[in-house]
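Encoded as structure tokens, the structure appears first; notes follow it.
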Amino acid sequence: MKRGIALSLLAALCLFNYIRNDTPDQDPYMITDYSRLHPVKVERIIEGREEEQLIRIVREAAASGRSISIAGQRHSQGGHTYYKDGIVVDMTHYNKVLSVDTQARKIRVQAGATWEDVQDAVNPYGLAVKTMQSQNIFTVGGSISINAHGRDIRNGSLIKSVESFRLLKADGQVIQVSRTENADLFPLALGGYGLFGLILDVTLTLTEDEVYKVTTDAVKVDEYSRYFASSVKANPDVHMHIARISIAPDHFLDEMYAINYTVDKEAELSRYSKLVTREPWVIPTKLMFHLNRSSDWGKNVFWELQRYYFSGQQQKLISRNNAMRSESAFMEYREAGYNDLLQEYFIPVDRFAGFVDSMKTVLRKEDMNLLNITVRYVNRDQEAVLSYAKEDMFALVCLFQTPLSDQGQQKAKQGVQAILDQVLQHGGTYYLPYAAYPSMEQFHASYPRYKEFWAKKLEYDPNGLFMNYFYEQYH
């Protein structure tokens, strides 16, 4: 009798779990990326391991009329790493550190190496990365393919750190690409989202590791541009900076705190250079961030806890390499039918407050569940064809919780496009690695060199060998 009841309960639990998780984003036979949007079937996934193997894959795919997409950690959110019925080349096993030149401050790595691999290789020599995302979990090839940026305010977006790379083209040939060799491809493939070929390895320029003193300041949104100009950018010893805007209802898009990393010239690097390898307090922070998703009360509490935590970091000393190993595990979220999705907006420095005020109006009208806004500074970039920084700008990295249903996605798309209307009115742009909510008109307005980009794509890859969902959306 008891066994029968237990089996019935187990069967009911299994049925409930099946119904709850019976959504396309949970289908194990489909491939998607971090967004879990647009799951599709692909022909196969191949682990890239050797150069000759990769050349053979490209030539065979070209001969058979198959498309190729290139995947690293698959943290992009707009289908940049796969394409329906195509071949996905997983580059995460093509990850060797090939050389470190300590005198010239350079490193050469295969494209599947992560920034953690780079940091592990250069840290013993007192060297550090110039520019990368805040987290070190991404592949170098993926990061340069989106021309990433981060906390550093002196070295520009990632394209500035790349000296050269080797590219496997659609015709199966491997070429060296730099600002002097095959220079036409340099600003296309960097920030080209894998559409111009398969990047094999990259030579990056490095900088010195150094010790920073961390300081935190409370700032109002309408004061932030002036604060940044006078207290951050004007101080040559501030090398890194990040800020957060409150999304808590009690201080909605009004309060901020800014974190500055100022060189401490008296501190001895060897005391702080041991690399942190473990992310602390993941479970309690994860629980608190889930409260942030779930209620206005949770958002208020989470904001107060953040302020308390960062005030406790005041005057802390940290190495550059450790400052560029930010926590990420606490934000991981796998709820069936829902996800936390990023959008990022670039706003001219002097128009920041006006944009945030207009964004506040849109967010309230559209009832979007905004979870976090991080602010970074991005130097003007005139090099990349798809440059997102047409002048010095603030990047607002916005995290939203959205349903993955068709209805939920339509609502999210409507809200994002309304925000983007304000972005464009304030002279801004948006970032392309995320979900393809923006309209074609908004893409064209943000990236005025798009015709040149697509024309070059046709020139270098006339048969469309290298493909992804981003190409399908905006070509």
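Chain labels follow the order of the structure tokens: the first chain is A, the next B, and so on; residue numbering restarts at 1 in every chain, and ligands are counted from 1 in their shown order.
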
Q) Which polymer residues have any atom within 12 Å of an atom of Ser64 of chain A, counting only C-alpha atoms, with same-chain residues fewer than 5 positions away left out, as a list in words? A) Ile57, Val58, Arg59, Gly86, Ile87, Asn463 and Leu465 of chain A

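Excluding Lys160 of chain A itself and same-chain residues fewer than 5 positions from it, the residues having an atom within 9 Å of it are Lys130, Thr131, Asn155, Thr205, Asp381 and Glu383 of chain A, counting only C-alpha atoms.
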
Hey, can you spit out that residue selection with C-alpha atoms as a compact mmCIF listing (two decimals), in the first residue's frame?
```txt
# COMPACT_ATOMS: atom_id res chain seq x y z
CA LYS A 130 44.84 45.55 -21.18
CA THR A 131 41.17 45.05 -22.02
CA ASN A 155 43.15 51.28 -23.30
CA THR A 205 49.74 43.35 -26.36
CA ASP A 381 36.78 53.69 -31.58
CA GLU A 383 38.83 51.44 -36.26
```

Q. Can you tell me, as an MDAnalysis selection string, what residues are no more than 12 Å from Ser231 of chain A when counting only C-alpha atoms, ignoring any on the same chain fewer than 5 positions away?
A. chainID A and resid 215:217 219 223:226 236:238 241 258:262

Written selection (N, CA, C and O atoms) as a PDB file, in the first residue's frame:
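Contents of the output file again-v6.pdb:
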```pdb
ATOM      1  N   THR A 215      38.204  52.469  -4.176  1.00  0.00           N
ATOM      2  CA  THR A 215      37.384  53.452  -3.466  1.00  0.00           C
ATOM      3  C   THR A 215      35.984  53.447  -4.064  1.00  0.00           C
ATOM      4  O   THR A 215      35.807  53.211  -5.260  1.00  0.00           O
ATOM      5  N   THR A 216      35.016  53.710  -3.231  1.00  0.00           N
ATOM      6  CA  THR A 216      33.611  53.708  -3.655  1.00  0.00           C
ATOM      7  C   THR A 216      32.964  55.041  -3.295  1.00  0.00           C
ATOM      8  O   THR A 216      33.121  55.521  -2.170  1.00  0.00           O
ATOM      9  N   ASP A 217      32.266  55.621  -4.257  1.00  0.00           N
ATOM     10  CA  ASP A 217      31.581  56.891  -4.030  1.00  0.00           C
ATOM     11  C   ASP A 217      30.102  56.755  -4.362  1.00  0.00           C
ATOM     12  O   ASP A 217      29.739  56.139  -5.372  1.00  0.00           O
ATOM     13  N   VAL A 219      26.865  58.481  -5.805  1.00  0.00           N
ATOM     14  CA  VAL A 219      26.662  59.544  -6.790  1.00  0.00           C
ATOM     15  C   VAL A 219      25.195  59.524  -7.218  1.00  0.00           C
ATOM     16  O   VAL A 219      24.584  58.456  -7.296  1.00  0.00           O
ATOM     17  N   GLU A 223      24.433  63.715 -11.543  1.00  0.00           N
ATOM     18  CA  GLU A 223      25.761  64.259 -11.250  1.00  0.00           C
ATOM     19  C   GLU A 223      26.884  63.405 -11.836  1.00  0.00           C
ATOM     20  O   GLU A 223      28.051  63.809 -11.796  1.00  0.00           O
ATOM     21  N   TYR A 224      26.529  62.243 -12.374  1.00  0.00           N
ATOM     22  CA  TYR A 224      27.554  61.254 -12.702  1.00  0.00           C
ATOM     23  C   TYR A 224      28.516  61.722 -13.798  1.00  0.00           C
ATOM     24  O   TYR A 224      29.734  61.517 -13.689  1.00  0.00           O
ATOM     25  N   SER A 225      28.033  62.341 -14.851  1.00  0.00           N
ATOM     26  CA  SER A 225      28.915  62.772 -15.935  1.00  0.00           C
ATOM     27  C   SER A 225      29.968  63.753 -15.421  1.00  0.00           C
ATOM     28  O   SER A 225      31.158  63.645 -15.762  1.00  0.00           O
ATOM     29  N   ARG A 226      29.548  64.712 -14.595  1.00  0.00           N
ATOM     30  CA  ARG A 226      30.493  65.679 -14.023  1.00  0.00           C
ATOM     31  C   ARG A 226      31.461  64.988 -13.076  1.00  0.00           C
ATOM     32  O   ARG A 226      32.669  65.279 -13.079  1.00  0.00           O
ATOM     33  N   PRO A 236      45.005  60.666 -13.624  1.00  0.00           N
ATOM     34  CA  PRO A 236      45.699  59.657 -14.437  1.00  0.00           C
ATOM     35  C   PRO A 236      46.013  58.364 -13.693  1.00  0.00           C
ATOM     36  O   PRO A 236      46.324  57.350 -14.322  1.00  0.00           O
ATOM     37  N   ASP A 237      45.914  58.389 -12.380  1.00  0.00           N
ATOM     38  CA  ASP A 237      46.197  57.175 -11.598  1.00  0.00           C
ATOM     39  C   ASP A 237      44.980  56.270 -11.465  1.00  0.00           C
ATOM     40  O   ASP A 237      45.105  55.143 -10.976  1.00  0.00           O
ATOM     41  N   VAL A 238      43.801  56.737 -11.867  1.00  0.00           N
ATOM     42  CA  VAL A 238      42.626  55.862 -11.903  1.00  0.00           C
ATOM     43  C   VAL A 238      42.663  55.118 -13.233  1.00  0.00           C
ATOM     44  O   VAL A 238      42.470  55.714 -14.288  1.00  0.00           O
ATOM     45  N   HIS A 241      37.419  51.540 -13.744  1.00  0.00           N
ATOM     46  CA  HIS A 241      36.235  52.158 -13.146  1.00  0.00           C
ATOM     47  C   HIS A 241      35.004  51.357 -13.553  1.00  0.00           C
ATOM     48  O   HIS A 241      34.920  50.833 -14.665  1.00  0.00           O
ATOM     49  N   ALA A 258      29.854  54.358  -7.523  1.00  0.00           N
ATOM     50  CA  ALA A 258      30.967  54.248  -8.468  1.00  0.00           C
ATOM     51  C   ALA A 258      32.155  53.613  -7.758  1.00  0.00           C
ATOM     52  O   ALA A 258      32.455  53.945  -6.603  1.00  0.00           O
ATOM     53  N   ILE A 259      32.812  52.702  -8.449  1.00  0.00           N
ATOM     54  CA  ILE A 259      33.982  52.016  -7.904  1.00  0.00           C
ATOM     55  C   ILE A 259      35.186  52.382  -8.754  1.00  0.00           C
ATOM     56  O   ILE A 259      35.187  52.176  -9.973  1.00  0.00           O
ATOM     57  N   ASN A 260      36.221  52.929  -8.108  1.00  0.00           N
ATOM     58  CA  ASN A 260      37.429  53.353  -8.797  1.00  0.00           C
ATOM     59  C   ASN A 260      38.621  52.525  -8.342  1.00  0.00           C
ATOM     60  O   ASN A 260      38.731  52.163  -7.164  1.00  0.00           O
ATOM     61  N   TYR A 261      39.494  52.239  -9.290  1.00  0.00           N
ATOM     62  CA  TYR A 261      40.712  51.467  -9.030  1.00  0.00           C
ATOM     63  C   TYR A 261      41.898  52.384  -9.316  1.00  0.00           C
ATOM     64  O   TYR A 261      42.263  52.634 -10.467  1.00  0.00           O
ATOM     65  N   THR A 262      42.505  52.906  -8.229  1.00  0.00           N
ATOM     66  CA  THR A 262      43.584  53.884  -8.333  1.00  0.00           C
ATOM     67  C   THR A 262      44.909  53.211  -8.015  1.00  0.00           C
ATOM     68  O   THR A 262      45.031  52.495  -7.007  1.00  0.00           O
TER      69      THR A 262
END
```

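Note that the spacing between atom CA of Glu210 of chain A and atom CA of Gln315 of chain A amounts to 15.3 Å.
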
Q: Name the residues of segment 125-318 of chain A that come out as strand (DSSP E or B) in a backbone DSSP run; write them as a count of residues only.
A: 57
